[in-house]
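Participant: Take a look at this one; I'll ask things after.
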Amino acid sequence: MKTATKDIDTDILLEKENVDLDELMGMRKAMLLSMKTRGQLEKTFSRADEAKKELSSQAKAIARKGVICWMLDKTEEAIKYLEEGSSTDEATYILGLCYMETGRNEKAHKLLAASYKTYSDSPEVFASYLDSLIKTGQIDEVLQIIQKVKGKFAKSPMLSYYHGLCLEQQGDYDKAEEEYENALDIDSEYAPAIFRLAYRYDLSGKDEDALELYEKLLHIKPTHINALINLGIFYEDNDEPQKALECYEAVLNIHPNHSRANLYKEDARSSLVMYYDDNLKRKEQELKRLLSQPLSEFQLPTRARNGLDELNIKTIGELVRKTEDELLSHENFGAKSLVDIKDLLARRGLMLSAENRPITLESLLKSYISAETPKQVDVVNKPIFEIDWSARVKASLTRLKVYTFGDLANKSEKDFMDLPNFGQTSLDEIRRRLEQFGLSLKSSE
C-alpha cells in the first residue's frame, strides 16, 4: 500500500513524449488513494497548454489533456479532448473506458477490442474488453473467450468473476453466486466479485451477508465506489441516514464530480434533518387523534364504563387528565375498574395524571413515544405511512395503492413478491409490522 501512495510526478504528462499505459493506470490509482496526488493532477491540468511546447504535436497535447480529465473523473471533458486529439494506443484505450462509463457501449466495444489486440497481455485491458462484450450483449462470445484463455489466467479470480456475470445475464443467479465464491476462493479481496456477491445477497434478502461484504469492501483500496453507493442506500433502507451520508461523502472525497453521490448526499442530508422532525410530527398527530377518540369505541367492563359515564368522561383525552384519587372518589368506581382503566391507557403508551404533574401535550407525547407497546388504535383504518418503512417497502406500498393497514392486510405475499426488486427482507419487514398490530397478510389462493 505504501508504494501505491508514494509521490508521483504528474508533470511527466506535460513533458514526456510517450507515457505508457502502466504509468497512466498507476497514476490514476494513486489519485484514488491520495488527495495529494489529486491536487497535483489539478495543478498539472491548469498548466496543460504548456504541453504544446514539449510534445511533438498539438493533437498529442490535446489528447494528453483528455487523459488528465479522465484521471480527475471529468469524463465528458475527457471525451471531448480525446476525440479531438491524437489516437495513440493509450488514448484509444482511455477513450473506450470513457465511452463505457457514459453508456456509449457500442463505441466503447470497438475501441476496447482494438486495445485488447494491442495490450493482449494486460489483465486490466482484458477485463475492460470483456466488460464491453457483456454490455453489448455478447454473452456467448465472453463464454468462448473464457474457455480459450483458461491457461493464461488460471491463477486469476477474473475468469470465475466474468463467468458469474454471464450467468447473471442468463438469469442463473444461484450458479452466478457460486462463481463469485469461486473467485473469492482464489483471491479473498478481489473487489469486483465481492461487490457482485454482495449485490446478489442484497437482492435475495440476505441482508446480514450483504452488509458484511459491502463493509469488507470499505477496507480494500482503492475504495470500490459502487459499494459505497449501495452501502449508503442499504443504510437509508435501515433508517440510518447518518451512516448513509458518510458513505456518499466518502465517494465525493475520491470523486468530487460523482453525480449520483452528490444527489444521494443531498437526499440523505435532508432525511437526517427530517427524520427526527417528521417522526415527532407524526407521533404528535397520532396522539392528538388518540386523545380525541371516544371511550365508547374501546372494550371496557360494564362497571368501568358506567363509572366513566357517571363522571362524564367521554374521550381518552379527558381520561388522562384525571388522577387515580379522582376516579376512586366516585362511589361506583372501584379498584378493579381502576386496574382496567390503567391497562387500557398503558397499552396505548399513556397513564393517568399525577397530582404533581401538569398534563400538557408535551408531557403526554414524551410518554407516548417512549412506550414500547404499539398503539392498538383503530388499526384497520390507520394510515400506512404514519410509521416508518424502509425505502423499498414504501415504494412497493405506493405501487400497490396501499394506504391503510386494512389495505395492507388485504394483500397477499404473492402481490408483493410479484413486484420487481422486492425480496424476502422486505416481506419480513411487512410481516413484522402487521404482527405488531395483530394483523397478517391475506392467504394466497
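Going through the C-alpha cells in order, the chains are called A, B, and so on, while each chain numbers its residues from 1 and the ligands are numbered from 1 in the order shown.
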Using only C-alpha atoms, find each residue of region 133-238 of chain A with at least one atom at most 10 Å away from an atom of region 421-444 of chain A; report its shortest atom-to-atom pair and that distance in Å (one decimal), sort the rows by chain and rising residue number, and return the result as a Markdown table.
Facilitator:
```
| residue | atom | partner | partner_atom | distance |
| --- | --- | --- | --- | --- |
| A:Asp202 | CA | A:Gly423 | CA | 8.5 |
| A:Leu203 | CA | A:Gly423 | CA | 6.1 |
| A:Ser204 | CA | A:Gly423 | CA | 5.6 |
| A:Gly205 | CA | A:Thr425 | CA | 4.6 |
| A:Lys206 | CA | A:Thr425 | CA | 7.3 |
| A:Asp207 | CA | A:Thr425 | CA | 7.1 |
| A:Asp237 | CA | A:Ser426 | CA | 9.9 |
```
Participant: Set the distance at 12 Å and use only C-alpha atoms: which residues neighbour Ile194 (chain A) once local chain neighbours fewer than 4 positions away are removed? I'd like the list as a PyMOL selection string.
Facilitator: chain A and resi 157-158+161+164+177-185+187-190+198-201+209-220+224+226-227
Participant: Suppose we keep N, CA and C atoms; can you now write the selection as an mmCIF file, in the first residue's frame?
Facilitator:
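Output file again-v9.cif is given in full below:
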```cif
data_model
loop_
_atom_site.group_PDB
_atom_site.id
_atom_site.type_symbol
_atom_site.label_atom_id
_atom_site.label_comp_id
_atom_site.auth_asym_id
_atom_site.auth_seq_id
_atom_site.Cartn_x
_atom_site.Cartn_y
_atom_site.Cartn_z
ATOM 1 N N PRO A 157 -8.680 -14.633 -10.307
ATOM 2 C CA PRO A 157 -10.104 -14.787 -9.997
ATOM 3 C C PRO A 157 -10.998 -14.217 -11.100
ATOM 4 N N MET A 158 -10.375 -13.585 -12.094
ATOM 5 C CA MET A 158 -11.117 -12.839 -13.097
ATOM 6 C C MET A 158 -12.059 -13.722 -13.919
ATOM 7 N N TYR A 161 -15.149 -14.678 -12.063
ATOM 8 C CA TYR A 161 -15.978 -13.473 -11.915
ATOM 9 C C TYR A 161 -16.774 -13.205 -13.198
ATOM 10 N N GLY A 164 -19.467 -15.620 -13.767
ATOM 11 C CA GLY A 164 -20.607 -15.266 -12.917
ATOM 12 C C GLY A 164 -21.453 -14.165 -13.533
ATOM 13 N N GLU A 177 -23.702 -16.849 -8.125
ATOM 14 C CA GLU A 177 -23.146 -16.674 -6.784
ATOM 15 C C GLU A 177 -22.016 -17.674 -6.530
ATOM 16 N N GLU A 178 -22.188 -18.899 -7.028
ATOM 17 C CA GLU A 178 -21.143 -19.916 -6.861
ATOM 18 C C GLU A 178 -19.852 -19.475 -7.542
ATOM 19 N N GLU A 179 -19.977 -18.878 -8.729
ATOM 20 C CA GLU A 179 -18.781 -18.430 -9.451
ATOM 21 C C GLU A 179 -18.095 -17.274 -8.722
ATOM 22 N N TYR A 180 -18.878 -16.387 -8.150
ATOM 23 C CA TYR A 180 -18.264 -15.289 -7.389
ATOM 24 C C TYR A 180 -17.548 -15.848 -6.164
ATOM 25 N N GLU A 181 -18.146 -16.868 -5.553
ATOM 26 C CA GLU A 181 -17.492 -17.503 -4.406
ATOM 27 C C GLU A 181 -16.212 -18.211 -4.837
ATOM 28 N N ASN A 182 -16.227 -18.811 -6.048
ATOM 29 C CA ASN A 182 -15.014 -19.439 -6.579
ATOM 30 C C ASN A 182 -13.914 -18.399 -6.782
ATOM 31 N N ALA A 183 -14.310 -17.226 -7.282
ATOM 32 C CA ALA A 183 -13.334 -16.149 -7.483
ATOM 33 C C ALA A 183 -12.707 -15.744 -6.155
ATOM 34 N N LEU A 184 -13.518 -15.691 -5.119
ATOM 35 C CA LEU A 184 -13.017 -15.279 -3.802
ATOM 36 C C LEU A 184 -12.196 -16.379 -3.134
ATOM 37 N N ASP A 185 -12.393 -17.616 -3.546
ATOM 38 C CA ASP A 185 -11.520 -18.692 -3.062
ATOM 39 C C ASP A 185 -10.100 -18.495 -3.582
ATOM 40 N N ASP A 187 -8.879 -15.355 -4.602
ATOM 41 C CA ASP A 187 -8.413 -14.087 -4.019
ATOM 42 C C ASP A 187 -9.551 -13.511 -3.183
ATOM 43 N N SER A 188 -9.409 -13.620 -1.868
ATOM 44 C CA SER A 188 -10.496 -13.217 -0.966
ATOM 45 C C SER A 188 -10.754 -11.710 -0.982
ATOM 46 N N GLU A 189 -9.855 -10.937 -1.595
ATOM 47 C CA GLU A 189 -10.034 -9.485 -1.642
ATOM 48 C C GLU A 189 -10.245 -8.985 -3.070
ATOM 49 N N TYR A 190 -10.726 -9.862 -3.931
ATOM 50 C CA TYR A 190 -10.995 -9.449 -5.313
ATOM 51 C C TYR A 190 -12.301 -8.640 -5.319
ATOM 52 N N ALA A 198 -22.186 -9.371 -2.964
ATOM 53 C CA ALA A 198 -22.953 -8.547 -2.013
ATOM 54 C C ALA A 198 -24.257 -8.085 -2.647
ATOM 55 N N TYR A 199 -24.178 -7.677 -3.900
ATOM 56 C CA TYR A 199 -25.373 -7.200 -4.617
ATOM 57 C C TYR A 199 -26.400 -8.315 -4.764
ATOM 58 N N ARG A 200 -25.949 -9.523 -5.090
ATOM 59 C CA ARG A 200 -26.869 -10.656 -5.218
ATOM 60 C C ARG A 200 -27.507 -10.964 -3.862
ATOM 61 N N TYR A 201 -26.708 -10.966 -2.803
ATOM 62 C CA TYR A 201 -27.248 -11.213 -1.464
ATOM 63 C C TYR A 201 -28.283 -10.143 -1.111
ATOM 64 N N ASP A 209 -25.504 -10.906 5.273
ATOM 65 C CA ASP A 209 -24.379 -11.310 4.425
ATOM 66 C C ASP A 209 -23.981 -10.185 3.483
ATOM 67 N N ALA A 210 -24.987 -9.506 2.928
ATOM 68 C CA ALA A 210 -24.711 -8.390 2.013
ATOM 69 C C ALA A 210 -23.971 -7.278 2.743
ATOM 70 N N LEU A 211 -24.459 -6.928 3.928
ATOM 71 C CA LEU A 211 -23.845 -5.846 4.689
ATOM 72 C C LEU A 211 -22.397 -6.180 5.035
ATOM 73 N N GLU A 212 -22.141 -7.417 5.412
ATOM 74 C CA GLU A 212 -20.777 -7.837 5.759
ATOM 75 C C GLU A 212 -19.829 -7.648 4.573
ATOM 76 N N LEU A 213 -20.301 -8.006 3.368
ATOM 77 C CA LEU A 213 -19.445 -7.884 2.185
ATOM 78 C C LEU A 213 -19.259 -6.431 1.774
ATOM 79 N N TYR A 214 -20.341 -5.654 1.810
ATOM 80 C CA TYR A 214 -20.211 -4.233 1.482
ATOM 81 C C TYR A 214 -19.202 -3.559 2.408
ATOM 82 N N GLU A 215 -19.296 -3.870 3.703
ATOM 83 C CA GLU A 215 -18.390 -3.236 4.661
ATOM 84 C C GLU A 215 -16.960 -3.758 4.501
ATOM 85 N N LYS A 216 -16.818 -4.996 4.052
ATOM 86 C CA LYS A 216 -15.477 -5.521 3.773
ATOM 87 C C LYS A 216 -14.814 -4.724 2.660
ATOM 88 N N LEU A 217 -15.600 -4.320 1.672
ATOM 89 C CA LEU A 217 -15.053 -3.560 0.548
ATOM 90 C C LEU A 217 -14.490 -2.205 0.988
ATOM 91 N N LEU A 218 -14.993 -1.682 2.089
ATOM 92 C CA LEU A 218 -14.520 -0.385 2.558
ATOM 93 C C LEU A 218 -13.054 -0.437 2.975
ATOM 94 N N HIS A 219 -12.557 -1.633 3.289
ATOM 95 C CA HIS A 219 -11.178 -1.785 3.759
ATOM 96 C C HIS A 219 -10.227 -2.180 2.635
ATOM 97 N N ILE A 220 -10.736 -2.278 1.417
ATOM 98 C CA ILE A 220 -9.911 -2.631 0.263
ATOM 99 C C ILE A 220 -9.678 -1.371 -0.561
ATOM 100 N N HIS A 224 -14.041 0.819 -3.524
ATOM 101 C CA HIS A 224 -15.000 0.463 -4.572
ATOM 102 C C HIS A 224 -16.182 1.432 -4.485
ATOM 103 N N ASN A 226 -19.018 1.914 -6.256
ATOM 104 C CA ASN A 226 -20.385 1.386 -6.292
ATOM 105 C C ASN A 226 -20.763 0.708 -4.984
ATOM 106 N N ALA A 227 -19.755 0.142 -4.301
ATOM 107 C CA ALA A 227 -20.032 -0.471 -3.000
ATOM 108 C C ALA A 227 -20.437 0.598 -1.989
#
```
Participant: What gap, in Å, lies between CA of Arg321 (chain A) and CA of Ser353 (chain A)?
Facilitator: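 Computing it gives 5.3 Å between the two atoms.
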Participant: From the DSSP assignment of the backbone, select every residue of region 46-198 of chain A that is helix (DSSP H, G or I), and format the answer as a PyMOL selection string.
Facilitator: chain A and resi 46+48-54+58-71+75-84+89-101+105-118+123-135+139-148+158-169+173-186+191-198
Participant: So that I can check the surroundings of region 239-246 of chain A, please list as a tab-separated table (two decimals) with all heavy atoms, in the first residue's frame every protein, DNA and RNA residue that reaches within 6 Å of it, counting only C-alpha atoms and ignoring chain neighbours fewer than 2 positions away.
Facilitator:
```
chain	number	residue	atom	x	y	z
A	232	GLY	N	-24.59	2.97	1.16
A	232	GLY	CA	-25.36	4.14	1.58
A	232	GLY	C	-26.85	3.90	1.46
A	232	GLY	O	-27.64	4.22	2.37
A	235	TYR	N	-27.99	1.57	4.14
A	235	TYR	CA	-28.18	2.25	5.43
A	235	TYR	C	-29.46	3.09	5.43
A	235	TYR	O	-30.16	3.16	6.44
A	235	TYR	CB	-26.98	3.15	5.73
A	235	TYR	CG	-25.75	2.42	6.19
A	235	TYR	CD1	-24.47	2.82	5.77
A	235	TYR	CD2	-25.83	1.33	7.05
A	235	TYR	CE1	-23.32	2.16	6.20
A	235	TYR	CE2	-24.69	0.67	7.47
A	235	TYR	CZ	-23.44	1.09	7.04
A	235	TYR	OH	-22.32	0.43	7.48
A	236	GLU	N	-29.77	3.72	4.31
A	236	GLU	CA	-31.01	4.51	4.25
A	236	GLU	C	-32.22	3.61	4.43
A	236	GLU	O	-33.18	3.98	5.10
A	236	GLU	CB	-31.09	5.25	2.92
A	236	GLU	CG	-30.18	6.47	2.83
A	236	GLU	CD	-30.54	7.38	1.69
A	236	GLU	OE1	-31.49	8.18	1.83
A	236	GLU	OE2	-29.88	7.28	0.63
A	237	ASP	N	-32.19	2.44	3.80
A	237	ASP	CA	-33.30	1.49	3.95
A	237	ASP	C	-33.48	1.06	5.40
A	237	ASP	O	-34.58	0.70	5.81
A	237	ASP	CB	-33.06	0.24	3.08
A	237	ASP	CG	-33.37	0.49	1.62
A	237	ASP	OD1	-33.96	1.54	1.30
A	237	ASP	OD2	-33.02	-0.37	0.79
A	248	TYR	N	-21.77	8.51	1.17
A	248	TYR	CA	-21.79	9.38	0.00
A	248	TYR	C	-20.67	10.42	0.06
A	248	TYR	O	-20.06	10.76	-0.96
A	248	TYR	CB	-23.15	10.06	-0.13
A	248	TYR	CG	-24.31	9.09	-0.18
A	248	TYR	CD1	-25.50	9.35	0.49
A	248	TYR	CD2	-24.21	7.89	-0.88
A	248	TYR	CE1	-26.56	8.46	0.46
A	248	TYR	CE2	-25.25	6.98	-0.90
A	248	TYR	CZ	-26.43	7.27	-0.22
A	248	TYR	OH	-27.47	6.38	-0.25
A	249	GLU	N	-20.38	10.91	1.26
A	249	GLU	CA	-19.28	11.87	1.40
A	249	GLU	C	-17.94	11.21	1.11
A	249	GLU	O	-17.03	11.84	0.56
A	249	GLU	CB	-19.30	12.48	2.80
A	249	GLU	CG	-20.45	13.47	3.00
A	249	GLU	CD	-20.51	14.03	4.41
A	249	GLU	OE1	-19.95	13.39	5.33
A	249	GLU	OE2	-21.11	15.12	4.58
A	265	LYS	N	-26.33	12.34	-1.56
A	265	LYS	CA	-25.87	13.06	-0.37
A	265	LYS	C	-26.91	14.08	0.08
A	265	LYS	O	-27.22	14.19	1.27
A	265	LYS	CB	-24.54	13.75	-0.65
A	265	LYS	CG	-24.04	14.60	0.51
A	265	LYS	CD	-22.80	15.39	0.14
A	265	LYS	CE	-22.39	16.33	1.26
A	265	LYS	NZ	-21.21	17.14	0.90
A	268	ALA	N	-29.83	12.26	1.61
A	268	ALA	CA	-29.51	11.74	2.94
A	268	ALA	C	-29.45	12.87	3.96
A	268	ALA	O	-29.90	12.72	5.09
A	268	ALA	CB	-28.18	10.99	2.91
A	272	LEU	N	-31.77	13.19	7.17
A	272	LEU	CA	-31.23	13.28	8.52
A	272	LEU	C	-31.93	14.37	9.31
A	272	LEU	O	-32.25	14.21	10.48
A	272	LEU	CB	-29.73	13.56	8.44
A	272	LEU	CG	-28.95	13.46	9.75
A	272	LEU	CD1	-29.04	12.05	10.32
A	272	LEU	CD2	-27.50	13.85	9.53
```
Participant: Ranking A:Gly317, A:Gly151, A:Gly406, A:Gly334 by minimum distance to Arg305 (chain A) and counting only C-alpha atoms, which one comes first?
Facilitator: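 That would be A:Gly334, the residue with the smallest distance to Arg305 (chain A).
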Participant: At most 9 Å is the cut-off: for each residue in region 196-258 of chain A with any atom that close to an atom of region 62-72 of chain A, write down the nearest atom pair and the distance in Å rounded to one decimal, counting only C-alpha atoms, chain first then increasing number, as a tab-separated table.
Facilitator:
```
residue	atom	partner	partner_atom	distance
A:His255	CA	A:Leu72	CA	7.6
A:Pro256	CA	A:Leu72	CA	8.8
A:Asn257	CA	A:Leu72	CA	8.6
```
Participant: How would the residues just chosen look if you wrote them out with all heavy atoms as a PDB file, in the first residue's frame?
Facilitator:
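New file out_1.pdb:
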```pdb
ATOM      1  N   HIS A 255     -14.194  11.133  -5.667  1.00  0.00           N
ATOM      2  CA  HIS A 255     -14.719  11.576  -6.962  1.00  0.00           C
ATOM      3  C   HIS A 255     -15.657  12.766  -6.747  1.00  0.00           C
ATOM      4  O   HIS A 255     -16.881  12.588  -6.667  1.00  0.00           O
ATOM      5  CB  HIS A 255     -15.484  10.439  -7.647  1.00  0.00           C
ATOM      6  CG  HIS A 255     -14.659   9.222  -7.927  1.00  0.00           C
ATOM      7  ND1 HIS A 255     -13.813   9.137  -9.000  1.00  0.00           N
ATOM      8  CD2 HIS A 255     -14.530   8.041  -7.269  1.00  0.00           C
ATOM      9  CE1 HIS A 255     -13.197   7.954  -8.994  1.00  0.00           C
ATOM     10  NE2 HIS A 255     -13.627   7.278  -7.950  1.00  0.00           N
ATOM     11  N   PRO A 256     -15.128  13.969  -6.627  1.00  0.00           N
ATOM     12  CA  PRO A 256     -15.967  15.142  -6.322  1.00  0.00           C
ATOM     13  C   PRO A 256     -17.074  15.395  -7.337  1.00  0.00           C
ATOM     14  O   PRO A 256     -18.065  16.051  -7.022  1.00  0.00           O
ATOM     15  CB  PRO A 256     -14.960  16.301  -6.317  1.00  0.00           C
ATOM     16  CG  PRO A 256     -13.638  15.660  -6.077  1.00  0.00           C
ATOM     17  CD  PRO A 256     -13.705  14.321  -6.724  1.00  0.00           C
ATOM     18  N   ASN A 257     -16.906  14.884  -8.554  1.00  0.00           N
ATOM     19  CA  ASN A 257     -17.890  15.149  -9.605  1.00  0.00           C
ATOM     20  C   ASN A 257     -18.892  14.010  -9.780  1.00  0.00           C
ATOM     21  O   ASN A 257     -19.633  13.989 -10.758  1.00  0.00           O
ATOM     22  CB  ASN A 257     -17.172  15.395 -10.942  1.00  0.00           C
ATOM     23  CG  ASN A 257     -16.161  16.510 -10.855  1.00  0.00           C
ATOM     24  OD1 ASN A 257     -16.487  17.613 -10.438  1.00  0.00           O
ATOM     25  ND2 ASN A 257     -14.915  16.232 -11.218  1.00  0.00           N
TER      26      ASN A 257
END
```
Participant: To one decimal place in Å, what is the distance between CA of Leu13 (chain A) and CA of Tyr116 (chain A)?
Facilitator: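 Value for the CA of Leu13 (chain A)-CA of Tyr116 (chain A) distance: 23.3 Å.
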Participant: One number please: CA of Lys60 (chain A) to CA of Gly85 (chain A), in Å, one decimal.
Facilitator: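 CA of Gly85 (chain A) lies at a distance of 5.7 Å from CA of Lys60 (chain A).
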Participant: Which residues, written as a PDB file with C-alpha atoms, in the first residue's frame, have at least one atom at most 9 Å from Gln40 (chain A), with only C-alpha atoms counted and residues fewer than 3 positions away on the same chain left out?
Facilitator:
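The resulting file, out18.pdb, is reproduced below:
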```pdb
ATOM      1  CA  ILE A   8       4.247  10.721  -8.299  1.00  0.00           C
ATOM      2  CA  ASP A   9       5.496  13.304 -10.754  1.00  0.00           C
ATOM      3  CA  THR A  10       2.337  14.230 -12.653  1.00  0.00           C
ATOM      4  CA  ASP A  11       4.271  16.793 -14.714  1.00  0.00           C
ATOM      5  CA  MET A  31      -5.089   9.646  -7.439  1.00  0.00           C
ATOM      6  CA  MET A  35      -5.854  13.544  -2.150  1.00  0.00           C
ATOM      7  CA  LYS A  36      -2.343  14.931  -2.573  1.00  0.00           C
ATOM      8  CA  THR A  37      -1.998  13.267  -5.964  1.00  0.00           C
ATOM      9  CA  LYS A  43      -2.377  21.785 -10.937  1.00  0.00           C
ATOM     10  CA  THR A  44      -0.997  19.853 -13.887  1.00  0.00           C
ATOM     11  CA  PHE A  45      -4.256  20.286 -15.784  1.00  0.00           C
TER      12      PHE A  45
END
```
Participant: With only C-alpha atoms as the counted atoms, please give the residues lying no more than 8 Å from Glu83 (chain A), apart from itself and same-chain residues fewer than 4 positions off, as a PDB file with all heavy atoms, in the first residue's frame.
Facilitator:
```pdb
ATOM      1  N   ALA A  63      -4.824  15.393 -26.610  1.00  0.00           N
ATOM      2  CA  ALA A  63      -5.169  14.065 -26.093  1.00  0.00           C
ATOM      3  C   ALA A  63      -4.678  13.901 -24.665  1.00  0.00           C
ATOM      4  O   ALA A  63      -5.361  13.310 -23.821  1.00  0.00           O
ATOM      5  CB  ALA A  63      -4.576  12.983 -26.983  1.00  0.00           C
ATOM      6  N   ILE A  79     -13.686  13.022 -22.939  1.00  0.00           N
ATOM      7  CA  ILE A  79     -14.124  12.549 -24.262  1.00  0.00           C
ATOM      8  C   ILE A  79     -13.892  13.625 -25.314  1.00  0.00           C
ATOM      9  O   ILE A  79     -13.400  13.343 -26.423  1.00  0.00           O
ATOM     10  CB  ILE A  79     -15.611  12.128 -24.212  1.00  0.00           C
ATOM     11  CG1 ILE A  79     -15.761  10.848 -23.393  1.00  0.00           C
ATOM     12  CG2 ILE A  79     -16.166  11.934 -25.622  1.00  0.00           C
ATOM     13  CD1 ILE A  79     -17.192  10.444 -23.133  1.00  0.00           C
ATOM     14  N   SER A  87      -4.807   9.777 -31.733  1.00  0.00           N
ATOM     15  CA  SER A  87      -5.275   8.453 -31.286  1.00  0.00           C
ATOM     16  C   SER A  87      -4.099   7.540 -30.988  1.00  0.00           C
ATOM     17  O   SER A  87      -3.853   6.555 -31.697  1.00  0.00           O
ATOM     18  CB  SER A  87      -6.191   7.838 -32.347  1.00  0.00           C
ATOM     19  OG  SER A  87      -7.320   8.642 -32.573  1.00  0.00           O
ATOM     20  N   LEU A  95     -10.196   6.430 -24.018  1.00  0.00           N
ATOM     21  CA  LEU A  95     -11.445   6.899 -24.634  1.00  0.00           C
ATOM     22  C   LEU A  95     -12.502   5.796 -24.598  1.00  0.00           C
ATOM     23  O   LEU A  95     -13.685   6.046 -24.342  1.00  0.00           O
ATOM     24  CB  LEU A  95     -11.196   7.361 -26.071  1.00  0.00           C
ATOM     25  CG  LEU A  95     -12.409   7.900 -26.835  1.00  0.00           C
ATOM     26  CD1 LEU A  95     -13.065   9.067 -26.091  1.00  0.00           C
ATOM     27  CD2 LEU A  95     -12.010   8.331 -28.253  1.00  0.00           C
TER      28      LEU A  95
END
```
Participant: For Glu141 (chain A), which residue among A:Ala61, A:Cys166, A:Leu291, A:Ala154 is the nearest when counting only C-alpha atoms?
Facilitator: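 Using only C-alpha atoms, Glu141 (chain A) sits closest to A:Cys166.
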Participant: Applying 6 Å and only C-alpha atoms, which residues near region 15-27 of chain A remain after dropping the ones on its own chain fewer than 4 positions away? List them as a ChimeraX atom specification.
Facilitator: /A:54-55,90
Participant: Within 7 Å of Thr315 (chain A), counting only C-alpha atoms, which residues show up once you throw out same-chain ones fewer than 6 positions away? Write them as a PyMOL selection string, please.
Facilitator: chain A and resi 291-295
Participant: Which one of A:Lys135, A:Glu413, A:Lys74, A:Ile384 sits closest to Lys401 (chain A) if you count only C-alpha atoms?
Facilitator: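 With only C-alpha atoms as the atom set, the closest residue is A:Ile384.
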